[in-house]
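Trainee: Sharing query.txt (compact mmCIF, C-alpha atoms) below.
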# COMPACT_ATOMS: atom_id res chain seq x y z
CA MET A 1 138.55 70.96 165.11
CA TYR A 2 138.22 73.69 162.55
CA ASN A 3 141.41 74.72 160.74
CA GLU A 4 141.73 78.50 160.66
CA GLY A 5 144.69 78.25 158.36
CA ASP A 6 142.34 77.12 155.61
CA MET A 7 141.74 80.03 153.23
CA SER A 8 138.15 78.83 152.83
CA ALA A 9 137.51 80.08 156.35
CA TRP A 10 135.92 83.21 154.95
CA ASN A 11 134.39 81.64 151.85
CA LEU A 12 131.27 81.62 153.88
CA GLY A 13 128.86 79.75 151.68
CA GLY A 14 125.77 81.82 152.14
CA PRO A 15 122.56 81.39 150.19
CA PRO A 16 122.44 82.31 146.50
CA ASN A 17 122.45 86.02 145.81
CA PRO A 18 118.79 86.92 145.29
CA GLN A 19 119.87 89.68 142.93
CA GLY A 20 121.59 87.21 140.67
CA ALA A 21 125.01 88.80 140.63
CA GLY A 22 126.49 86.22 142.94
CA PHE A 23 129.45 86.72 145.18
CA PRO A 24 132.62 84.85 144.35
CA GLY A 25 133.19 81.53 145.97
CA GLY A 26 129.92 81.53 147.82
CA GLY A 27 131.20 84.24 150.14
CA PHE A 28 129.29 86.62 152.35
CA PRO A 29 125.60 87.03 151.57
CA PRO A 30 124.66 90.53 150.43
CA PRO A 31 124.46 92.90 153.38
CA ALA A 32 121.07 93.96 154.57
CA ALA A 33 120.04 97.49 153.76
CA PRO A 34 120.64 99.91 156.62
CA PRO A 35 117.86 101.64 158.50
CA GLN A 36 117.60 105.35 159.04
CA GLN A 37 119.63 106.82 161.84
CA PRO A 38 117.67 109.42 163.73
CA GLY A 39 119.80 112.27 164.91
CA GLY A 40 122.73 111.03 162.86
CA PHE A 41 123.92 111.96 159.41
CA PRO A 42 121.49 114.01 157.33
CA MET A 43 118.71 111.98 155.80
CA GLY A 44 117.12 114.76 153.84
CA GLY A 45 118.14 116.20 150.53
CA PRO A 46 118.89 114.39 147.32
CA PHE A 47 120.38 110.92 147.57
CA PRO A 48 123.49 111.81 145.50
CA GLY A 49 124.44 114.22 148.26
CA GLY A 50 125.32 111.35 150.53
CA GLY A 51 122.11 110.98 152.55
CA TYR A 52 119.34 108.43 152.27
CA GLN A 53 115.99 109.18 150.74
CA GLY A 54 112.88 107.80 152.31
CA ASP A 55 112.82 104.50 150.47
CA PRO A 56 111.82 101.06 151.76
CA TYR A 57 115.45 100.06 152.29
CA GLN A 58 115.60 102.48 155.17
CA GLN A 59 112.89 100.71 157.12
CA ASN A 60 113.94 99.15 160.40
CA MET A 61 114.01 95.52 159.32
CA TYR A 62 112.95 94.25 162.71
CA GLY A 63 110.23 96.82 163.36
CA GLY A 64 110.00 99.13 166.34
CA PRO A 65 111.92 102.34 166.89
CA GLN A 66 114.79 103.02 164.55
CA GLY A 67 118.23 102.32 165.98
CA GLY A 68 121.56 103.63 164.92
CA MET A 69 123.29 100.35 164.15
CA TYR A 70 123.12 99.19 160.55
CA GLY A 71 121.81 95.70 160.38
CA GLY A 72 119.54 95.86 163.36
CA TYR A 73 121.03 96.44 166.81
CA PRO A 74 118.58 98.99 168.20
CA GLY A 75 119.58 102.03 170.17
CA GLY A 76 119.00 101.84 173.84
CA ASN A 77 120.73 100.24 176.76
CA PRO A 78 118.68 97.28 178.01
CA CYS A 79 119.98 98.03 181.48
CA GLN A 80 118.44 101.48 181.32
CA GLN A 81 115.46 101.08 179.04
CA GLY A 82 113.12 104.00 179.02
CA PRO A 83 110.15 104.81 176.86
CA SER A 84 112.15 106.10 173.93
CA GLY A 85 114.26 103.02 173.20
CA GLY A 86 117.25 105.02 172.03
CA TYR A 87 119.15 108.26 172.08
CA SER A 88 118.27 110.74 169.38
CA GLY A 89 121.32 112.92 169.73
CA GLY A 90 121.39 116.64 169.99
CA GLY A 91 122.89 117.42 173.37
CA PRO A 92 125.93 116.23 175.26
CA TYR A 93 125.91 112.73 176.65
CA GLN A 94 124.67 112.48 180.22
CA PRO A 95 125.29 109.57 182.62
CA GLY A 96 122.43 107.13 182.41
CA GLN A 97 121.45 108.21 178.92
CA GLN A 98 120.57 105.34 176.63
CA VAL A 99 123.23 104.10 174.29
CA GLY A 100 123.25 102.04 171.13
CA TYR A 101 124.99 98.84 170.13
CA TYR A 102 128.48 100.28 170.18
CA GLY A 103 128.01 101.73 173.66
CA GLY A 104 128.15 105.38 172.59
CA PRO A 105 125.27 107.82 172.41
CA MET A 106 123.43 107.48 169.14
CA GLY A 107 123.26 110.32 166.67
CA GLN A 108 126.53 112.04 167.56
CA PRO A 109 130.15 111.25 166.77
CA GLY A 110 130.79 108.94 169.66
CA GLY A 111 130.31 109.26 173.38
CA PRO A 112 132.75 109.68 176.24
CA VAL A 113 135.33 106.95 176.63
CA GLY A 114 134.42 104.75 179.56
CA ALA A 115 130.69 105.47 179.35
CA ASN A 116 128.44 102.72 180.68
CA THR A 117 131.11 101.09 182.82
CA GLY A 118 129.91 98.84 185.57
CA SER A 119 126.49 98.20 184.06
CA GLY A 120 127.10 94.47 184.05
CA CYS A 121 125.30 93.96 180.76
CA GLU A 122 126.51 96.55 178.26
CA ASP A 123 129.93 97.09 176.75
CA VAL A 124 132.25 99.79 178.00
CA TYR A 125 132.55 102.46 175.31
CA ALA A 126 136.22 102.85 174.36
CA PRO A 127 136.39 102.67 170.55
CA THR A 128 139.30 103.19 168.22
CA LEU A 129 136.97 103.96 165.29
CA ARG A 130 134.54 106.87 165.42
CA PRO A 131 132.25 108.47 162.81
CA TYR A 132 134.15 110.19 160.01
CA PRO A 133 133.44 113.94 160.02
CA GLY A 134 132.10 115.38 156.78
CA PHE A 135 131.11 111.91 155.59
CA ASN A 136 129.79 111.74 152.02
CA ALA A 137 128.83 108.31 150.73
CA ARG A 138 128.84 109.34 147.07
CA GLN A 139 132.36 110.75 147.26
CA ASP A 140 133.59 107.62 149.03
CA CYS A 141 132.02 105.42 146.34
CA GLU A 142 133.70 107.46 143.62
CA ARG A 143 137.03 107.10 145.38
CA LEU A 144 136.60 103.33 145.78
CA ARG A 145 135.59 102.97 142.13
CA LYS A 146 138.64 104.95 141.02
CA ALA A 147 140.86 102.77 143.25
CA MET A 148 139.67 99.63 141.45
CA LYS A 149 139.28 100.93 137.88
CA GLY A 150 141.79 100.26 135.13
CA LEU A 151 145.17 98.62 135.53
CA GLY A 152 146.31 98.06 139.08
CA THR A 153 144.53 98.69 142.36
CA ASP A 154 145.00 101.50 144.84
CA GLU A 155 144.90 99.39 148.00
CA ASP A 156 145.79 102.35 150.21
CA ALA A 157 142.67 104.22 149.08
CA ILE A 158 140.50 101.19 149.86
CA ILE A 159 142.05 100.91 153.32
CA ASP A 160 141.66 104.62 153.98
CA VAL A 161 137.95 104.62 153.19
CA MET A 162 136.91 101.30 154.70
CA THR A 163 138.84 101.58 157.96
CA HIS A 164 137.93 105.19 158.76
CA ARG A 165 134.15 104.87 158.36
CA THR A 166 131.86 103.42 161.00
CA ALA A 167 129.49 100.54 160.31
CA ASP A 168 126.62 102.97 159.76
CA GLN A 169 128.69 104.96 157.28
CA ARG A 170 129.95 101.84 155.49
CA ALA A 171 126.34 100.71 155.18
CA GLU A 172 125.55 103.87 153.22
CA ILE A 173 128.59 103.26 151.04
CA VAL A 174 127.53 99.67 150.26
CA LEU A 175 124.02 100.74 149.24
CA GLN A 176 125.17 103.81 147.31
CA TYR A 177 127.85 101.85 145.44
CA LYS A 178 125.31 99.38 144.06
CA THR A 179 123.01 102.26 143.12
CA MET A 180 125.75 104.14 141.29
CA TYR A 181 127.54 101.29 139.52
CA GLY A 182 125.07 98.40 139.33
CA LYS A 183 127.50 96.00 140.98
CA SER A 184 127.93 95.13 144.63
CA LEU A 185 130.94 96.57 146.38
CA ILE A 186 131.88 93.13 147.72
CA ASP A 187 131.90 91.62 144.21
CA HIS A 188 134.05 94.45 142.89
CA LEU A 189 136.47 94.19 145.82
CA HIS A 190 136.75 90.43 145.35
CA SER A 191 137.83 90.91 141.75
CA GLU A 192 140.61 93.29 142.78
CA ILE A 193 142.00 92.20 146.16
CA HIS A 194 142.59 88.78 147.66
CA GLY A 195 143.56 86.68 150.65
CA HIS A 196 143.27 87.87 154.22
CA PHE A 197 143.21 91.49 153.06
CA PHE A 198 139.99 90.83 151.17
CA GLN A 199 138.60 88.87 154.13
CA CYS A 200 139.15 91.86 156.41
CA VAL A 201 137.62 94.38 154.00
CA GLU A 202 134.73 92.03 153.26
CA ALA A 203 133.97 91.76 156.97
CA LEU A 204 133.78 95.55 157.09
CA CYS A 205 130.98 95.46 154.49
CA HIS A 206 128.61 93.71 156.92
CA SER A 207 126.71 94.67 160.02
CA LEU A 208 127.75 93.10 163.31
CA PRO A 209 124.57 90.97 163.61
CA ASP A 210 125.14 89.61 160.10
CA LEU A 211 128.84 89.05 160.69
CA ASP A 212 128.15 87.12 163.90
CA ALA A 213 125.47 85.03 162.19
CA ILE A 214 127.72 84.24 159.23
CA GLN A 215 130.62 83.32 161.50
CA LEU A 216 128.41 81.00 163.55
CA ARG A 217 127.16 79.28 160.41
CA LYS A 218 130.66 78.85 159.04
CA ALA A 219 131.81 77.44 162.38
CA MET A 220 129.29 74.61 162.02
CA GLU A 221 129.24 73.75 158.33
CA GLY A 222 131.52 71.34 156.56
CA ALA A 223 133.86 68.89 158.22
CA GLY A 224 134.51 69.64 161.86
CA THR A 225 133.21 72.39 164.10
CA ASP A 226 134.96 75.56 165.23
CA GLU A 227 133.97 75.31 168.87
CA ASP A 228 136.14 78.29 169.79
CA ALA A 229 134.15 80.61 167.51
CA LEU A 230 130.84 79.37 168.95
CA ILE A 231 132.10 79.98 172.48
CA GLU A 232 133.57 83.42 171.76
CA ILE A 233 130.45 84.81 170.12
CA LEU A 234 127.81 83.32 172.41
CA ALA A 235 129.70 83.93 175.67
CA SER A 236 130.74 87.52 174.96
CA ARG A 237 127.76 89.17 173.28
CA THR A 238 125.21 91.17 175.22
CA LYS A 239 121.60 90.12 175.49
CA ASP A 240 120.54 92.49 172.72
CA GLN A 241 123.39 91.41 170.45
CA ILE A 242 122.47 87.72 170.79
CA ALA A 243 118.83 88.50 169.98
CA LYS A 244 119.80 90.39 166.82
CA CYS A 245 122.30 87.70 165.82
CA LYS A 246 119.56 85.06 166.02
CA GLU A 247 117.29 87.21 163.86
CA ALA A 248 120.08 87.76 161.34
CA TYR A 249 120.80 84.03 161.18
CA THR A 250 117.19 83.24 160.29
CA ARG A 251 117.06 86.11 157.78
CA ILE A 252 120.27 85.10 155.98
CA TYR A 253 119.79 81.31 156.13
CA LYS A 254 116.06 81.20 155.66
CA SER A 255 115.64 77.44 156.02
CA ARG A 256 117.81 77.22 159.13
CA ASN A 257 117.44 77.82 162.85
CA LEU A 258 120.48 78.69 164.96
CA GLU A 259 119.48 76.64 167.98
CA ALA A 260 118.66 73.60 165.86
CA ASP A 261 121.99 73.87 164.04
CA ILE A 262 123.92 74.11 167.30
CA LYS A 263 122.09 71.06 168.65
CA SER A 264 123.00 69.08 165.54
CA GLU A 265 126.70 70.05 165.67
CA THR A 266 127.46 69.85 169.39
CA HIS A 267 126.76 67.24 172.02
CA ARG A 268 125.86 66.55 175.62
CA HIS A 269 126.79 69.12 178.25
CA PHE A 270 128.54 71.45 175.80
CA GLU A 271 125.42 71.55 173.66
CA ARG A 272 123.28 72.32 176.70
CA ALA A 273 125.56 75.18 177.74
CA LEU A 274 125.43 76.81 174.30
CA VAL A 275 121.67 76.35 174.08
CA ALA A 276 121.34 77.90 177.54
CA LEU A 277 123.27 80.96 176.32
CA LEU A 278 121.05 81.13 173.24
CA GLN A 279 117.94 81.29 175.42
CA ASN A 280 119.16 84.81 176.20
CA ASN A 281 117.80 84.79 179.75
CA ARG A 282 120.71 86.54 181.44
CA ASP A 283 119.53 88.94 184.14
CA GLN A 284 120.31 92.56 183.30
CA SER A 285 120.13 93.97 186.82
CA THR A 286 123.11 95.84 188.21
CA ASN A 287 121.99 95.33 191.79
CA VAL A 288 123.93 92.73 193.76
CA ASN A 289 122.75 90.99 196.92
CA PRO A 290 125.72 89.34 198.66
CA ALA A 291 123.41 86.86 200.41
CA ASP A 292 122.02 85.67 197.07
CA ALA A 293 125.53 85.44 195.67
CA ARG A 294 126.60 83.40 198.69
CA ARG A 295 123.73 80.97 198.07
CA ASP A 296 124.76 80.56 194.43
CA ALA A 297 128.37 80.00 195.47
CA GLU A 298 127.26 77.30 197.90
CA GLN A 299 125.09 75.67 195.21
CA LEU A 300 128.05 75.59 192.81
CA TYR A 301 130.23 74.05 195.52
CA GLN A 302 127.57 71.44 196.31
CA ALA A 303 127.16 70.69 192.58
CA GLY A 304 130.87 70.29 191.96
CA GLU A 305 133.77 70.06 194.32
CA LYS A 306 131.84 68.77 197.33
CA LYS A 307 130.34 65.75 195.58
CA LEU A 308 131.44 62.82 193.49
CA GLY A 309 130.69 63.76 189.91
CA THR A 310 129.36 67.09 188.71
CA ASP A 311 125.86 68.51 188.42
CA GLU A 312 126.41 70.41 185.17
CA ALA A 313 122.81 71.65 185.14
CA THR A 314 123.46 73.79 188.21
CA PHE A 315 126.57 75.28 186.61
CA ASN A 316 124.55 76.03 183.46
CA SER A 317 121.67 77.57 185.35
CA ILE A 318 123.84 79.98 187.32
CA LEU A 319 126.57 80.84 184.80
CA CYS A 320 124.22 81.31 181.84
CA SER A 321 121.44 83.30 183.52
CA ARG A 322 122.84 85.45 186.33
CA SER A 323 123.95 89.02 185.66
CA PHE A 324 127.67 89.59 185.28
CA ALA A 325 127.64 91.91 188.30
CA HIS A 326 126.06 89.14 190.35
CA LEU A 327 128.50 86.55 189.00
CA ARG A 328 131.46 88.65 190.08
CA GLU A 329 130.10 88.58 193.62
CA VAL A 330 129.49 84.83 193.32
CA PHE A 331 133.14 84.29 192.41
CA LYS A 332 134.17 86.40 195.41
CA GLN A 333 131.93 84.40 197.74
CA TYR A 334 133.17 81.12 196.26
CA GLU A 335 136.76 82.09 197.02
CA ILE A 336 135.79 82.98 200.60
CA LEU A 337 134.03 79.63 200.92
CA THR A 338 136.73 77.42 199.37
CA HIS A 339 139.91 79.52 199.65
CA HIS A 340 140.58 79.25 195.92
CA GLU A 341 139.27 80.83 192.74
CA PHE A 342 136.18 79.50 191.00
CA GLU A 343 138.21 78.80 187.85
CA ARG A 344 139.95 75.98 189.71
CA ALA A 345 136.60 74.32 190.31
CA ILE A 346 135.77 74.52 186.60
CA LYS A 347 139.09 72.93 185.66
CA HIS A 348 138.66 70.14 188.22
CA GLU A 349 134.99 69.42 187.58
CA THR A 350 134.67 69.81 183.81
CA SER A 351 136.79 69.21 180.73
CA GLY A 352 137.04 69.88 177.02
CA ASP A 353 134.60 72.25 175.35
CA LEU A 354 132.35 72.44 178.41
CA SER A 355 135.26 73.65 180.51
CA ASP A 356 136.15 76.15 177.78
CA VAL A 357 132.68 77.70 177.61
CA PHE A 358 132.41 78.00 181.41
CA MET A 359 135.88 79.56 181.59
CA ALA A 360 134.91 82.01 178.85
CA ILE A 361 131.78 83.11 180.73
CA VAL A 362 133.83 83.67 183.88
CA ALA A 363 136.48 85.63 181.96
CA VAL A 364 133.86 87.83 180.28
CA ALA A 365 132.14 88.48 183.60
CA ARG A 366 135.41 89.44 185.29
CA ASN A 367 136.86 91.65 182.53
CA LYS A 368 135.59 91.51 178.95
CA PRO A 369 138.38 93.62 177.39
CA LYS A 370 140.98 91.33 178.99
CA TYR A 371 139.10 88.30 177.64
CA PHE A 372 139.44 89.64 174.09
CA ALA A 373 143.06 90.67 174.67
CA ASP A 374 143.84 87.08 175.65
CA LEU A 375 142.06 85.75 172.55
CA LEU A 376 144.02 88.12 170.33
CA LYS A 377 147.30 86.90 171.80
CA LYS A 378 146.21 83.29 171.30
CA SER A 379 145.32 84.04 167.66
CA MET A 380 148.88 85.20 166.95
CA LYS A 381 150.94 83.08 169.34
CA GLY A 382 153.06 80.23 168.01
CA ALA A 383 153.30 78.95 164.46
CA GLY A 384 150.74 80.40 162.08
CA THR A 385 148.01 82.93 162.69
CA ARG A 386 144.35 82.30 163.40
CA ASP A 387 143.34 84.98 160.94
CA THR A 388 139.60 84.41 161.16
CA THR A 389 139.68 85.05 164.90
CA LEU A 390 142.01 88.02 164.53
CA ILE A 391 139.81 89.68 161.91
CA ARG A 392 136.56 88.92 163.74
CA ILE A 393 137.72 90.47 167.01
CA ILE A 394 139.30 93.59 165.49
CA VAL A 395 136.31 94.30 163.21
CA SER A 396 133.66 93.55 165.84
CA ARG A 397 135.29 95.48 168.71
CA CYS A 398 136.80 98.56 167.01
CA GLU A 399 133.63 100.61 167.59
CA ILE A 400 133.02 99.21 171.07
CA ASP A 401 135.97 98.71 173.39
CA LEU A 402 139.11 98.08 171.33
CA GLN A 403 140.96 100.88 173.14
CA ARG A 404 140.43 99.06 176.43
CA ILE A 405 141.42 95.77 174.80
CA LYS A 406 144.66 97.39 173.63
CA GLU A 407 145.39 98.56 177.17
CA GLU A 408 144.78 95.09 178.60
CA PHE A 409 146.96 93.56 175.88
CA GLN A 410 149.84 95.92 176.68
CA LYS A 411 149.47 95.26 180.40
CA ALA A 412 149.52 91.47 179.98
CA ASN A 413 152.27 91.20 177.37
CA GLY A 414 154.54 94.20 177.84
CA LYS A 415 154.19 94.84 174.12
CA SER A 416 151.51 96.65 172.18
CA LEU A 417 148.81 94.99 170.12
CA GLU A 418 150.02 97.02 167.13
CA ALA A 419 153.50 95.54 167.52
CA TRP A 420 152.16 91.98 167.66
CA ILE A 421 150.05 92.52 164.55
CA SER A 422 153.01 94.09 162.73
CA ASP A 423 155.16 91.05 163.54
CA ASP A 424 152.50 88.50 162.62
CA THR A 425 150.89 89.89 159.45
CA SER A 426 152.12 91.56 156.29
CA ARG A 427 151.44 93.98 153.46
CA ASP A 428 147.93 95.36 152.89
CA TYR A 429 146.36 92.94 155.37
CA LYS A 430 148.64 94.36 158.09
CA LYS A 431 147.86 97.94 157.04
CA CYS A 432 144.12 97.25 157.19
CA LEU A 433 144.23 95.76 160.69
CA LEU A 434 146.57 98.42 162.04
CA SER A 435 144.38 101.21 160.69
CA LEU A 436 141.41 99.80 162.63
CA VAL A 437 143.49 99.28 165.77
CA LYS A 438 145.11 102.72 165.75
CA GLY A 439 141.94 104.56 164.74
Could you rewrite the structure in this file as structure tokens?

Mentor:
Amino acid sequence: MYNEGDMSAWNLGGPPNPQGAGFPGGGFPPPAAPPQQPGGFPMGGPFPGGGYQGDPYQQNMYGGPQGGMYGGYPGGNPCQQGPSGGYSGGGPYQPGQQVGYYGGPMGQPGGPVGANTGSGCEDVYAPTLRPYPGFNARQDCERLRKAMKGLGTDEDAIIDVMTHRTADQRAEIVLQYKTMYGKSLIDHLHSEIHGHFFQCVEALCHSLPDLDAIQLRKAMEGAGTDEDALIEILASRTKDQIAKCKEAYTRIYKSRNLEADIKSETHRHFERALVALLQNNRDQSTNVNPADARRDAEQLYQAGEKKLGTDEATFNSILCSRSFAHLREVFKQYEILTHHEFERAIKHETSGDLSDVFMAIVAVARNKPKYFADLLKKSMKGAGTRDTTLIRIIVSRCEIDLQRIKEEFQKANGKSLEAWISDDTSRDYKKCLLSLVKG
């Protein structure tokens, strides 16, 4: 198993920097340039004023309509796709309006908390981090440069900028910083700050597709495999997020293929379950037919508890392809049929990593914020801290549903997430995480 206590966990060993500057220790590859954001922050005017000019770096790297999410998650809810593919902003959010990667309406400073609930395929929008009003990339770059220039480092200034800007805004900062100073922001940060604090700030310099891709690669390279990271990312991401993660993986690691790498690092039924998730065939419908769910529940019973041995292929087929709304009804029908929860069947019929991935899918289908709340507790419980997991969840969920995760954490533990982080981390690393959590 992968050791998260190893400080090399975030020395992510990407390909050589094509610009020649290199990033210390083979760390994160350079972030991809952000696309334009229609309806968002002003794109016109001179570049020094904080907006993008119409240069090639603003092209949508994957083609098609421009989305709001830096790094490639397009606007638009796949559950509600219409002809436009995204929300251009302008008016107040209306129920059913398309939303971007973070779940909020694109092109305006966040949508209503709780938007998109019950869709079965998109994330509930309950962020702790929203767009910074009056954002100016040039001013932020100047402040970051001043914080790292000369003797000493102003860590508080770095935290203030990096944890109060959204991914789209940080993307502008990363590009503008290199333009203004001829050195990547990540390289400059690495020369000034260290340890888990640097790991957290470094993660904030990357888009979510890139961060997921890098984390998946790191989970598989070197001695041992971080099965927990593979399960968390592949079981919890939406259909669109998995598609963009696969594209990012191929773009960053040009000679590699995510599915091939997973096949080479995992085995047997666990491998088949992960590959099934990678096929990205989960139904996006929100309609539920109880009769169909009953049939699936009966098939799962026939494939597991009712027979000697287990037909894992049936479990894979149903758990990795049915909509989450449908799966919730399947679990209900299974309990009616057997008088116990479906999780008991998984524990009795499977073991090890295969059991873990099936349990993760069930947990995500039932209540995704609670799933992440449980992972956060696990990352901090007992001796030592699983810092890679802690950073990954906080950074990846702060613009999606971290407020809901906090509520689930409080409900389950009788103590706030902020209090747990305060007890388990220290100094600037603690300040950085708490700033993202508190918003």

Trainee: Smallest atom-to-atom distance to Gly384 (chain A): which of A:Lys347, A:Lys411, A:Asp424, A:Ala363, using only C-alpha atoms?

Mentor: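 Among A:Lys347, A:Lys411, A:Asp424, A:Ala363, it is A:Asp424 that comes nearest to Gly384 (chain A).
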
Trainee: Can you measure CA of Leu433 (chain A) to CA of Leu375 (chain A) for me? One decimal in Å is fine.

Mentor: 15.7 Å

Trainee: For Arg138 (chain A), which residue out of A:Leu390, A:Val174, A:Ala167, A:Ile346 is the nearest one, using only C-alpha atoms?

Mentor: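 Checking each candidate against Arg138 (chain A), we get A:Val174 as the closest.
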
Trainee: List every protein, DNA or RNA residue with an atom no more than 12 Å from (124.1, 87.4, 182.5) in the file's coordinates, counting only C-alpha atoms, and format the result as number ranges by chain.

Mentor: A: 79, 119-122, 234-240, 242, 276-286, 316-328, 361-362, 364-366

Trainee: Convert the current residue selection to file output with C-alpha atoms, as a short mmCIF file (atom, residue, chain, number, x, y, z; two decimals), in the coordinates of the input.

Mentor:
data_model
loop_
_atom_site.label_atom_id
_atom_site.label_comp_id
_atom_site.auth_asym_id
_atom_site.auth_seq_id
_atom_site.Cartn_x
_atom_site.Cartn_y
_atom_site.Cartn_z
CA CYS A 79 119.98 98.03 181.48
CA SER A 119 126.49 98.20 184.06
CA GLY A 120 127.10 94.47 184.05
CA CYS A 121 125.30 93.96 180.76
CA GLU A 122 126.51 96.55 178.26
CA LEU A 234 127.81 83.32 172.41
CA ALA A 235 129.70 83.93 175.67
CA SER A 236 130.74 87.52 174.96
CA ARG A 237 127.76 89.17 173.28
CA THR A 238 125.21 91.17 175.22
CA LYS A 239 121.60 90.12 175.49
CA ASP A 240 120.54 92.49 172.72
CA ILE A 242 122.47 87.72 170.79
CA ALA A 276 121.34 77.90 177.54
CA LEU A 277 123.27 80.96 176.32
CA LEU A 278 121.05 81.13 173.24
CA GLN A 279 117.94 81.29 175.42
CA ASN A 280 119.16 84.81 176.20
CA ASN A 281 117.80 84.79 179.75
CA ARG A 282 120.71 86.54 181.44
CA ASP A 283 119.53 88.94 184.14
CA GLN A 284 120.31 92.56 183.30
CA SER A 285 120.13 93.97 186.82
CA THR A 286 123.11 95.84 188.21
CA ASN A 316 124.55 76.03 183.46
CA SER A 317 121.67 77.57 185.35
CA ILE A 318 123.84 79.98 187.32
CA LEU A 319 126.57 80.84 184.80
CA CYS A 320 124.22 81.31 181.84
CA SER A 321 121.44 83.30 183.52
CA ARG A 322 122.84 85.45 186.33
CA SER A 323 123.95 89.02 185.66
CA PHE A 324 127.67 89.59 185.28
CA ALA A 325 127.64 91.91 188.30
CA HIS A 326 126.06 89.14 190.35
CA LEU A 327 128.50 86.55 189.00
CA ARG A 328 131.46 88.65 190.08
CA ILE A 361 131.78 83.11 180.73
CA VAL A 362 133.83 83.67 183.88
CA VAL A 364 133.86 87.83 180.28
CA ALA A 365 132.14 88.48 183.60
CA ARG A 366 135.41 89.44 185.29
#

Trainee: To one decimal place, how far is CA of Arg392 (chain A) from CA of Glu227 (chain A) in Å?

Mentor: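 Those two atoms sit 14.8 Å apart.
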